[in-house]
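**Q** Enclosed is the structure file entry-v9.tsv (TSV, C-alpha atoms).
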```tsv
chain	number	residue	atom	x	y	z
A	8	MET	CA	-1.24	4.18	80.92
A	9	GLU	CA	-4.58	5.09	79.39
A	10	ILE	CA	-4.02	8.74	80.21
A	11	ILE	CA	-0.69	8.64	78.38
A	12	SER	CA	-2.25	7.01	75.30
A	13	GLY	CA	-4.91	9.68	75.51
A	14	ILE	CA	-2.23	12.36	75.45
A	15	SER	CA	-0.65	10.75	72.37
A	16	LEU	CA	-4.00	10.78	70.61
A	17	TRP	CA	-5.26	14.22	71.63
A	18	ILE	CA	-2.29	16.54	72.10
A	19	ILE	CA	-1.68	17.44	68.43
A	20	PRO	CA	-5.32	18.04	67.39
A	21	VAL	CA	-6.00	19.99	70.60
A	22	MET	CA	-2.92	22.17	70.10
A	23	ILE	CA	-3.86	22.88	66.47
A	24	GLY	CA	-7.43	23.76	67.42
A	25	PHE	CA	-6.33	25.98	70.27
A	26	ILE	CA	-3.65	27.80	68.26
A	27	LEU	CA	-6.09	28.49	65.40
A	28	MET	CA	-8.84	29.77	67.69
A	29	TYR	CA	-6.45	31.86	69.75
A	30	GLY	CA	-4.90	33.34	66.59
A	31	THR	CA	-8.32	34.19	65.17
A	32	PHE	CA	-9.40	35.70	68.49
A	33	LYS	CA	-6.25	37.87	68.52
A	34	LYS	CA	-6.94	38.92	64.91
A	35	VAL	CA	-3.78	37.36	63.49
A	36	PRO	CA	-3.87	36.79	59.69
A	37	THR	CA	-3.72	33.06	60.46
A	38	TYR	CA	-3.36	31.65	56.97
A	39	GLU	CA	-0.65	34.13	56.00
A	40	SER	CA	1.25	33.49	59.23
A	41	PHE	CA	0.98	29.76	58.61
A	42	VAL	CA	2.39	30.01	55.09
A	43	ASP	CA	5.13	32.30	56.28
A	44	GLY	CA	6.20	29.92	59.04
A	45	GLY	CA	5.88	26.90	56.77
A	46	LYS	CA	8.55	28.23	54.44
A	47	GLU	CA	11.03	27.80	57.28
A	48	GLY	CA	10.14	24.09	57.36
A	49	ILE	CA	11.27	23.58	53.76
A	50	LYS	CA	14.55	25.32	54.51
A	51	ILE	CA	15.23	23.10	57.54
A	52	ALA	CA	14.36	19.86	55.75
A	53	VAL	CA	16.61	20.72	52.80
A	54	SER	CA	19.44	21.97	55.01
A	55	ILE	CA	19.71	18.68	56.92
A	56	ILE	CA	20.11	16.60	53.73
A	57	PRO	CA	23.96	16.68	53.74
A	58	PHE	CA	24.09	15.77	57.44
A	59	LEU	CA	21.83	12.79	56.95
A	60	VAL	CA	23.51	11.62	53.73
A	61	GLY	CA	26.89	11.63	55.46
A	62	MET	CA	25.68	9.82	58.53
A	63	LEU	CA	23.43	7.26	56.85
A	64	VAL	CA	26.11	6.26	54.33
A	65	SER	CA	28.57	5.78	57.16
A	66	ILE	CA	26.11	3.73	59.22
A	67	SER	CA	25.14	1.68	56.16
A	68	ILE	CA	28.78	0.82	55.48
A	69	PHE	CA	29.31	-0.14	59.10
A	70	ARG	CA	26.25	-2.36	59.06
A	71	ALA	CA	26.72	-3.93	55.61
A	72	SER	CA	30.35	-4.81	56.29
A	73	GLY	CA	29.28	-7.00	59.18
A	74	ALA	CA	31.15	-4.83	61.70
A	75	LEU	CA	27.95	-3.93	63.57
A	76	GLU	CA	26.99	-7.57	63.92
A	77	TYR	CA	30.47	-8.38	65.19
A	78	LEU	CA	30.32	-5.57	67.73
A	79	MET	CA	26.90	-6.71	68.92
A	80	SER	CA	28.10	-10.29	69.39
A	81	TRP	CA	30.80	-8.94	71.72
A	82	ILE	CA	28.96	-6.42	73.82
A	83	GLY	CA	25.43	-7.74	73.32
A	84	PRO	CA	25.29	-10.38	76.07
A	85	GLY	CA	26.62	-8.00	78.72
A	86	LEU	CA	24.15	-5.27	77.84
A	87	LEU	CA	21.25	-7.71	77.60
A	88	ALA	CA	22.09	-8.97	81.08
A	89	ILE	CA	21.44	-5.51	82.50
A	90	GLY	CA	18.29	-5.07	80.41
A	91	VAL	CA	19.67	-2.82	77.66
A	92	PRO	CA	19.01	-3.87	74.05
A	93	PRO	CA	22.52	-3.72	72.49
A	94	GLU	CA	21.27	-2.29	69.18
A	95	ILE	CA	20.43	0.97	70.95
A	96	LEU	CA	24.04	1.56	72.08
A	97	PRO	CA	25.29	3.42	68.96
A	98	LEU	CA	22.32	5.80	69.18
A	99	ALA	CA	22.82	6.30	72.91
A	100	ILE	CA	26.47	7.19	72.32
A	101	ILE	CA	25.86	9.62	69.47
A	102	ARG	CA	22.73	11.30	70.89
A	103	PRO	CA	24.65	13.70	73.19
A	104	ILE	CA	27.17	14.50	70.44
A	105	SER	CA	25.22	15.34	67.30
A	106	GLY	CA	21.49	15.83	66.81
A	107	THR	CA	21.44	15.21	63.07
A	108	ALA	CA	23.72	12.17	63.36
A	109	ALA	CA	21.33	10.80	65.97
A	110	LEU	CA	18.42	11.51	63.64
A	111	GLY	CA	20.18	9.37	61.02
A	112	MET	CA	20.69	6.53	63.50
A	113	THR	CA	17.11	6.75	64.72
A	114	SER	CA	15.74	6.46	61.21
A	115	ASP	CA	18.13	3.58	60.51
A	116	LEU	CA	16.90	1.72	63.62
A	117	ILE	CA	13.27	2.41	62.72
A	118	ALA	CA	13.81	1.28	59.12
A	119	THR	CA	15.69	-1.89	60.13
A	120	HIS	CA	13.58	-3.08	63.05
A	121	GLY	CA	10.23	-1.48	62.15
A	122	PRO	CA	8.61	1.56	63.78
A	123	ASP	CA	6.32	-0.56	65.96
A	124	SER	CA	9.01	-2.86	67.33
A	125	PHE	CA	10.50	-2.38	70.79
A	126	LEU	CA	13.69	-0.96	69.28
A	127	GLY	CA	11.79	1.31	66.92
A	128	ARG	CA	9.75	2.73	69.77
A	129	LEU	CA	12.75	3.04	72.06
A	130	ALA	CA	14.71	4.88	69.35
A	131	SER	CA	11.72	7.17	68.77
A	132	VAL	CA	11.40	8.06	72.45
A	133	LEU	CA	15.14	8.49	72.90
A	134	GLN	CA	15.45	10.76	69.88
A	135	GLY	CA	12.50	12.86	70.99
A	136	SER	CA	13.29	13.20	74.66
A	137	THR	CA	16.86	14.45	74.98
A	138	ASP	CA	18.99	17.09	73.35
A	139	THR	CA	22.62	17.17	72.29
A	140	THR	CA	24.78	18.01	75.30
A	141	PHE	CA	27.94	18.68	73.29
A	142	TYR	CA	26.12	20.92	70.84
A	143	VAL	CA	24.68	23.07	73.59
A	144	LEU	CA	28.02	23.06	75.38
A	145	THR	CA	30.12	24.08	72.39
A	146	VAL	CA	27.65	26.47	70.79
A	147	TYR	CA	26.31	28.25	73.88
A	148	PHE	CA	29.53	28.36	75.90
A	149	GLY	CA	31.62	28.96	72.80
A	150	ALA	CA	29.51	31.91	71.63
A	151	VAL	CA	30.01	33.82	74.87
A	152	GLY	CA	33.61	32.74	75.49
A	153	ILE	CA	33.29	30.47	78.53
A	154	ARG	CA	36.48	28.39	78.78
A	155	LYS	CA	36.25	26.92	82.27
A	156	MET	CA	33.14	24.80	82.07
A	157	GLY	CA	33.14	23.59	85.66
A	158	ASP	CA	30.78	20.68	86.19
A	159	ALA	CA	28.76	21.44	83.05
A	160	LEU	CA	29.91	18.46	80.97
A	161	LYS	CA	29.61	16.04	83.89
A	162	VAL	CA	26.11	17.25	84.73
A	163	GLY	CA	25.03	17.05	81.07
A	164	LEU	CA	26.35	13.54	80.51
A	165	TRP	CA	24.94	12.16	83.77
A	166	ALA	CA	21.58	13.65	82.80
A	167	ASP	CA	21.84	11.96	79.39
A	168	LEU	CA	22.58	8.59	80.99
A	169	VAL	CA	19.59	8.93	83.29
A	170	GLY	CA	17.49	9.93	80.25
A	171	ILE	CA	18.43	6.72	78.43
A	172	ILE	CA	17.60	4.57	81.45
A	173	VAL	CA	14.28	6.36	81.91
A	174	ALA	CA	13.47	5.89	78.21
A	175	ILE	CA	14.09	2.12	78.42
A	176	ILE	CA	11.93	1.81	81.54
A	177	VAL	CA	9.08	3.94	80.18
A	178	VAL	CA	8.97	2.15	76.80
A	179	THR	CA	9.09	-1.26	78.48
A	180	LEU	CA	6.33	-0.37	80.95
A	181	PHE	CA	4.21	1.22	78.28
A	182	PHE	CA	4.52	-1.08	75.28
A	183	GLY	CA	5.96	-4.26	76.81
A	184	ALA	CA	9.41	-5.65	76.08
A	185	ASN	CA	9.12	-6.87	72.50
B	8	MET	CA	34.14	14.61	68.28
B	9	VAL	CA	31.49	13.82	65.69
B	10	ASN	CA	34.25	13.94	63.04
B	11	TYR	CA	36.13	11.08	64.67
B	12	ILE	CA	33.02	8.97	65.16
B	13	TRP	CA	31.97	9.51	61.56
B	14	VAL	CA	35.36	8.65	60.05
B	15	GLY	CA	35.79	5.82	62.55
B	16	LEU	CA	32.50	4.16	61.62
B	17	THR	CA	33.28	4.39	57.91
B	18	ILE	CA	36.90	3.22	58.07
B	19	ILE	CA	36.18	0.36	60.47
B	20	GLY	CA	33.36	-0.70	58.14
B	21	LEU	CA	35.64	-0.59	55.08
B	22	VAL	CA	38.45	-2.53	56.78
B	23	PHE	CA	35.97	-5.04	58.10
B	24	ALA	CA	34.49	-5.51	54.64
B	25	ALA	CA	37.97	-6.12	53.21
B	26	ILE	CA	38.66	-8.84	55.79
B	27	ASN	CA	35.16	-10.25	55.82
B	28	GLY	CA	34.66	-10.32	52.06
B	29	THR	CA	31.55	-8.14	52.19
B	30	MET	CA	32.76	-5.45	49.75
B	31	ASN	CA	29.82	-6.13	47.46
B	32	GLU	CA	27.30	-5.36	50.20
B	33	VAL	CA	29.27	-2.26	51.18
B	34	ASN	CA	29.23	-0.87	47.63
B	35	GLU	CA	25.50	-1.29	47.53
B	36	ALA	CA	25.11	0.21	51.02
B	37	ILE	CA	26.93	3.42	50.06
B	38	PHE	CA	24.44	4.36	47.36
B	39	LYS	CA	21.41	2.99	49.16
B	40	GLY	CA	22.32	4.92	52.30
B	41	ALA	CA	22.65	8.18	50.41
B	42	ALA	CA	19.37	7.69	48.58
B	43	GLU	CA	17.63	6.75	51.80
B	44	ALA	CA	18.81	9.95	53.47
B	45	VAL	CA	17.45	12.16	50.71
B	46	THR	CA	14.02	10.50	50.58
B	47	LEU	CA	13.87	10.73	54.36
B	48	CYS	CA	14.50	14.49	54.29
B	49	ILE	CA	11.89	14.94	51.57
B	50	SER	CA	9.35	13.09	53.69
B	51	LEU	CA	10.22	15.33	56.66
B	52	ILE	CA	9.16	18.42	54.70
B	53	SER	CA	5.43	17.71	55.14
B	54	VAL	CA	5.47	17.63	58.92
B	55	LEU	CA	8.02	20.42	59.30
B	56	VAL	CA	6.10	22.82	57.05
B	57	PHE	CA	2.85	22.14	58.84
B	58	TRP	CA	4.25	22.34	62.35
B	59	LEU	CA	6.37	25.43	61.84
B	60	GLY	CA	3.41	27.10	60.11
B	61	MET	CA	1.27	26.43	63.19
B	62	MET	CA	4.02	27.67	65.46
B	63	LYS	CA	4.26	30.92	63.51
B	64	ILE	CA	0.58	31.54	64.28
B	65	ALA	CA	1.26	30.76	67.95
B	66	GLU	CA	4.12	33.23	67.89
B	67	ASP	CA	2.28	36.01	66.03
B	68	SER	CA	-0.76	35.74	68.28
B	69	GLY	CA	1.37	36.16	71.40
B	70	LEU	CA	0.56	32.65	72.63
B	71	LEU	CA	4.23	31.76	73.10
B	72	ASN	CA	4.76	34.93	75.15
B	73	LYS	CA	1.76	34.03	77.30
B	74	LEU	CA	3.27	30.63	78.01
B	75	THR	CA	6.55	32.29	78.90
B	76	ALA	CA	4.80	34.30	81.62
B	77	LEU	CA	3.09	31.15	82.86
B	78	PHE	CA	6.37	29.33	83.39
B	79	LYS	CA	8.20	32.22	85.00
B	80	PRO	CA	7.61	31.41	88.70
B	81	PHE	CA	8.76	27.85	88.07
B	82	VAL	CA	11.96	28.89	86.31
B	83	ARG	CA	12.76	31.47	88.98
B	84	ARG	CA	12.99	28.65	91.51
B	85	ILE	CA	15.38	26.66	89.35
B	86	PHE	CA	17.69	29.69	89.00
B	87	PRO	CA	17.94	31.15	92.51
B	88	ASP	CA	21.08	33.14	91.61
B	89	VAL	CA	19.33	35.19	88.92
B	90	PRO	CA	17.43	38.30	90.16
B	91	SER	CA	13.75	37.93	89.31
B	92	ASN	CA	13.60	40.91	86.95
B	93	HIS	CA	16.87	40.25	85.17
B	94	PRO	CA	16.59	39.89	81.35
B	95	ALA	CA	18.47	36.57	81.58
B	96	LEU	CA	15.31	34.91	82.94
B	97	GLY	CA	13.32	36.10	79.93
B	98	TYR	CA	15.79	34.61	77.47
B	99	ILE	CA	16.02	31.36	79.41
B	100	LEU	CA	12.22	31.09	79.33
B	101	SER	CA	11.91	31.88	75.62
B	102	ASN	CA	14.61	29.33	74.89
B	103	MET	CA	12.75	26.67	76.89
B	104	ILE	CA	9.44	27.42	75.20
B	105	ALA	CA	11.05	27.31	71.75
B	106	ASN	CA	12.58	23.91	72.56
B	107	MET	CA	9.28	22.68	73.93
B	108	PHE	CA	7.52	23.38	70.64
B	109	GLY	CA	10.25	21.91	68.48
B	110	LEU	CA	11.61	25.26	67.26
B	111	GLY	CA	15.27	24.31	67.52
B	112	ASN	CA	16.41	27.02	65.10
B	113	ALA	CA	14.72	29.72	67.14
B	114	ALA	CA	15.95	28.26	70.41
B	115	THR	CA	19.67	28.55	69.67
B	116	PRO	CA	19.98	32.36	69.37
B	117	LEU	CA	17.78	32.76	72.46
B	118	GLY	CA	20.01	30.35	74.37
B	119	ILE	CA	23.11	32.29	73.38
B	120	LYS	CA	21.44	35.54	74.52
B	121	ALA	CA	20.64	33.89	77.84
B	122	MET	CA	24.28	32.81	78.22
B	123	GLU	CA	25.47	36.35	77.46
B	124	GLN	CA	23.26	37.72	80.21
B	125	LEU	CA	24.37	35.04	82.66
B	126	LYS	CA	27.99	35.82	81.89
B	127	GLU	CA	27.41	39.50	82.57
B	128	LEU	CA	25.71	38.58	85.83
B	129	ASN	CA	28.80	36.58	86.73
B	130	GLY	CA	31.10	39.58	86.29
B	131	GLY	CA	32.03	38.77	82.69
B	132	ILE	CA	34.66	36.17	83.58
B	133	ASN	CA	35.30	33.16	81.33
B	134	GLU	CA	34.20	30.64	83.94
B	135	ALA	CA	30.83	28.88	84.00
B	136	SER	CA	28.61	30.10	86.84
B	137	ARG	CA	26.14	27.99	88.79
B	138	SER	CA	23.22	29.27	86.70
B	139	MET	CA	25.03	28.49	83.45
B	140	VAL	CA	25.52	24.87	84.46
B	141	THR	CA	21.85	24.67	85.45
B	142	PHE	CA	20.80	26.19	82.12
B	143	LEU	CA	22.91	23.67	80.26
B	144	ALA	CA	21.47	20.77	82.26
B	145	LEU	CA	17.94	21.94	81.55
B	146	ASN	CA	18.74	22.30	77.87
B	147	THR	CA	20.27	18.87	77.41
B	148	ALA	CA	17.13	17.32	78.84
B	149	SER	CA	14.96	19.71	76.83
B	150	VAL	CA	11.28	19.05	77.34
B	151	THR	CA	9.59	18.41	73.99
B	152	LEU	CA	5.82	18.46	73.66
B	153	VAL	CA	5.55	17.05	70.15
B	154	PRO	CA	8.56	15.28	68.58
B	155	THR	CA	7.57	16.18	65.02
B	156	MET	CA	10.59	14.74	63.17
B	157	VAL	CA	10.25	11.40	64.93
B	158	ILE	CA	6.57	11.24	63.99
B	159	ALA	CA	7.49	11.96	60.37
B	160	ILE	CA	10.08	9.17	60.32
B	161	ARG	CA	7.61	6.73	61.85
B	162	MET	CA	5.07	7.69	59.20
B	163	LYS	CA	7.56	7.13	56.43
B	164	TYR	CA	8.25	3.59	57.65
B	165	GLU	CA	4.52	2.85	57.89
B	166	SER	CA	3.92	2.70	61.59
B	167	VAL	CA	0.44	1.57	62.55
B	168	SER	CA	0.31	4.48	64.98
B	169	PRO	CA	2.99	7.11	64.31
B	170	THR	CA	1.94	9.32	67.23
B	171	GLU	CA	1.71	6.58	69.87
B	172	ILE	CA	5.15	7.58	71.16
B	173	VAL	CA	4.09	11.17	71.98
B	174	GLY	CA	2.80	10.37	75.48
B	175	PRO	CA	5.72	8.10	76.47
B	176	THR	CA	8.19	10.68	75.06
B	177	LEU	CA	6.56	13.39	77.17
B	178	VAL	CA	6.77	11.25	80.32
B	179	THR	CA	10.41	10.42	79.60
B	180	THR	CA	11.39	13.99	78.83
B	181	ILE	CA	9.74	15.38	81.99
B	182	LEU	CA	11.33	12.71	84.19
B	183	SER	CA	14.75	13.27	82.68
B	184	ALA	CA	14.41	17.05	83.04
B	185	ILE	CA	13.67	16.58	86.74
B	186	ALA	CA	16.63	14.22	86.99
B	187	ALA	CA	18.86	16.79	85.24
B	188	ILE	CA	17.89	19.47	87.76
B	189	LEU	CA	18.55	17.11	90.67
B	190	ILE	CA	21.93	16.07	89.24
B	191	ASP	CA	22.80	19.74	88.81
B	192	ARG	CA	21.86	20.44	92.44
B	193	PHE	CA	23.87	17.46	93.61
B	194	PHE	CA	27.03	18.72	91.89
B	195	TYR	CA	26.40	22.25	93.16
B	196	TYR	CA	26.17	21.20	96.80
B	197	ARG	CA	29.21	18.98	96.36
B	198	ARG	CA	31.15	22.02	95.10
B	199	ILE	CA	30.04	24.04	98.11
B	200	ARG	CA	31.07	21.35	100.56
B	201	LYS	CA	34.48	21.17	98.95
B	202	GLY	CA	34.67	24.95	99.25
```
Please re-express this file's structure in structure tokens.

**A**
Amino acid sequence: MEIISGISLWIIPVMIGFILMYGTFKKVPTYESFVDGGKEGIKIAVSIIPFLVGMLVSISIFRASGALEYLMSWIGPGLLAIGVPPEILPLAIIRPISGTAALGMTSDLIATHGPDSFLGRLASVLQGSTDTTFYVLTVYFGAVGIRKMGDALKVGLWADLVGIIVAIIVVTLFFGAN
Amino acid sequence: MVNYIWVGLTIIGLVFAAINGTMNEVNEAIFKGAAEAVTLCISLISVLVFWLGMMKIAEDSGLLNKLTALFKPFVRRIFPDVPSNHPALGYILSNMIANMFGLGNAATPLGIKAMEQLKELNGGINEASRSMVTFLALNTASVTLVPTMVIAIRMKYESVSPTEIVGPTLVTTILSAIAAILIDRFFYYRRIRKG
């Protein structure tokens, strides 16, 4: 546990230090490279605005109408019985389908329950640890014209399910269940 | 798929509000949700600019290529059907490294290149080969070293320790990548047994 907290604390500063020293050693114009790469960051942040607006409005409507609460009262007890916090279900369902939609749900969960709550941490880990199966499937296979996907979808979705279970276990072990 | 979920969420919410008498809250939620999304994206800029700037240095200095070479023996074992000097391996590796460092935009074209090579290796037919399924499995569980966007969101909502999830995320992502490879193997051997 302490090693993992250590990683959380040290990994970013160590990577930055290493990259800067390595770049200087290899005679890269570090500052110019940095600025050049940084421009890409602005583009990405601006380009995801429509995705997030669409998804967050939709989630907000669903929540404000009381539909989410109603859904939770139905499926909540069953999920709780097997150790799954019901609030995570919408994120778990959308995570394999759309990355930006999942980003919207993650930020909604973090905003609603707080970043340092169990749900906030679980949403953070879940968002960070898996990728969108359907995106990879449609984009990669679509681009090269693969029509018979074989076991690809099954493998991807089983892997996603295992990822969610692992995330719940790791967050519970690491931060405790509240 | 995402279209149906999106419309479904919205319409169910609207119908529910009509029945439940929560139209007032819904009206407010529409504009609050939109505003929230924009401020969130603006707050993502800081972390994205910084991280992608750093990554550009890593790329220009050849550090990412170095890492690619380091991971090669490991990836060769996961893809036994790909000859060790085939260009497909190179693209698969670059795609993995890009994903690892949170360079999603760079990862996609590399992934498509890898798929092209794998298709050629498979005789150019429109059927997914064993290696393609493995590549997909590995990608869906993509190992991320630093989940930058998540850290930015946690910062925006005033987490006491925005980066505390980095270690647990790394553990989760490695475990689920291993699980993905095992699941892929399981389905492969099941196919073989069936003939």

**Q** Can you tell me which residues surround region 38-43 of chain A at a distance of at most 12 Å, considering only C-alpha atoms, apart from same-chain residues fewer than 4 positions away, and format the answer as a VMD selection string?

**A** (chain A and resid 23 26 to 27 30 to 31 34 47 to 50) or (chain B and resid 55 to 68)

**Q** Might you pull out every residue within 8 Å of region 128-135 of chain B, with only C-alpha atoms counted and same-chain residues fewer than 5 positions away left off, and present them as a ChimeraX atom specification?

**A** /A:152-157,159 /B:89,140

**Q** Counting all atoms listed in the file, what is within 12 Å of Gly13 (chain A), bar same-chain residues fewer than 6 positions away, as an MDAnalysis selection string?

**A** (chainID A and resid 19:21) or (chainID B and resid 170:175)

**Q** What are the closest atom pairs, with distances in Å to one decimal, for all residues of region 62-142 of chain A lying within 7 Å of region 16-33 of chain B? Consider only C-alpha atoms, order rows by chain and residue number, and present the result as a Markdown table.

**A**
```
| residue | atom | partner | partner_atom | distance |
| --- | --- | --- | --- | --- |
| A:Ser65 | CA | B:Thr17 | CA | 5.0 |
| A:Ile66 | CA | B:Leu16 | CA | 6.8 |
| A:Ile68 | CA | B:Val33 | CA | 5.3 |
| A:Phe69 | CA | B:Gly20 | CA | 4.2 |
| A:Ala71 | CA | B:Val33 | CA | 5.4 |
| A:Ser72 | CA | B:Ala24 | CA | 4.5 |
| A:Ala74 | CA | B:Gly20 | CA | 5.9 |
```

**Q** Measure the distance from CA of Met103 (chain B) to CA of Pro116 (chain B) in Å and round it to one decimal.

**A**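 Separation between CA of Met103 (chain B) and CA of Pro116 (chain B): 11.9 Å.
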
**Q** Could you state the separation of CA of Gly73 (chain A) and CA of Gly40 (chain B) in Å, given to one decimal place?

**A**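 So the answer is 15.4 Å.
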
**Q** What's around region 167-169 of chain A at 9 Å? Count only C-alpha atoms, leave out sequence neighbours fewer than 2 positions away in its own chain, and write the answer as a list in words.

**A** Ala99, Arg102, Pro103, Thr137, Asp138, Thr139, Thr140, Val162, Gly163, Leu164, Trp165, Ile171, Ile172, Val173 and Ala174 of chain A; Thr147, Ala148, Ser183, Ala186 and Ala187 of chain B

**Q** In Å, rounded to a single decimal, give me how far CA of Thr179 (chain B) is from CA of Ile176 (chain A).

**A**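 Answer for the CA of Ile176 (chain A) to CA of Thr179 (chain B) separation: 9.0 Å.
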
**Q** Restricting the calculation to only C-alpha atoms: of B:Leu71, B:Met139, B:Ala159, B:Leu182, which residue gets closest to Leu47 (chain B)?

**A** B:Ala159

**Q** Leaving out Met62 (chain A) and any residue of its chain fewer than 6 positions from it, which residues lie within 12 Å of it when counting all atoms listed in the file, given as a compact mmCIF listing (two decimals) with C-alpha atoms, in the frame of the given file?

**A**
```txt
# COMPACT_ATOMS: atom_id res chain seq x y z
CA ILE A 55 19.71 18.68 56.92
CA ILE A 56 20.11 16.60 53.73
CA ILE A 68 28.78 0.82 55.48
CA PHE A 69 29.31 -0.14 59.10
CA LEU A 98 22.32 5.80 69.18
CA ILE A 101 25.86 9.62 69.47
CA SER A 105 25.22 15.34 67.30
CA GLY A 106 21.49 15.83 66.81
CA THR A 107 21.44 15.21 63.07
CA ALA A 108 23.72 12.17 63.36
CA ALA A 109 21.33 10.80 65.97
CA LEU A 110 18.42 11.51 63.64
CA GLY A 111 20.18 9.37 61.02
CA MET A 112 20.69 6.53 63.50
CA THR A 113 17.11 6.75 64.72
CA SER A 114 15.74 6.46 61.21
CA ASP A 115 18.13 3.58 60.51
CA VAL B 9 31.49 13.82 65.69
CA ASN B 10 34.25 13.94 63.04
CA ILE B 12 33.02 8.97 65.16
CA TRP B 13 31.97 9.51 61.56
CA VAL B 14 35.36 8.65 60.05
CA GLY B 15 35.79 5.82 62.55
CA LEU B 16 32.50 4.16 61.62
CA THR B 17 33.28 4.39 57.91
CA ILE B 37 26.93 3.42 50.06
CA GLY B 40 22.32 4.92 52.30
CA ALA B 41 22.65 8.18 50.41
CA ALA B 42 19.37 7.69 48.58
CA GLU B 43 17.63 6.75 51.80
CA ALA B 44 18.81 9.95 53.47
CA VAL B 45 17.45 12.16 50.71
```

**Q** Taking all atoms listed in the file into account, name the residue in B:Met162, B:Val82, B:Met156, B:Ile49 that is nearest to Ser136 (chain A).

**A** B:Met156

**Q** Using all atoms listed in the file, which of the listed residues (B:Leu51, B:Leu70, B:Leu189, B:Ala36) sits closest to Tyr164 (chain B)?

**A**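 Of the candidates, the smallest distance to Tyr164 (chain B) is held by B:Leu51.
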
**Q** Nearest residue to Asn146 (chain B) out of A:Arg70, A:Gly149, A:Val143, A:Lys161, using all atoms listed in the file?

**A**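 Of all the options, A:Val143 lies closest to Asn146 (chain B).
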
**Q** Could you tell me which of A:Ala184, A:Leu96, A:Ile18, A:Leu133 comes closest to Gly170 (chain A) if we count only C-alpha atoms?

**A** A:Leu133
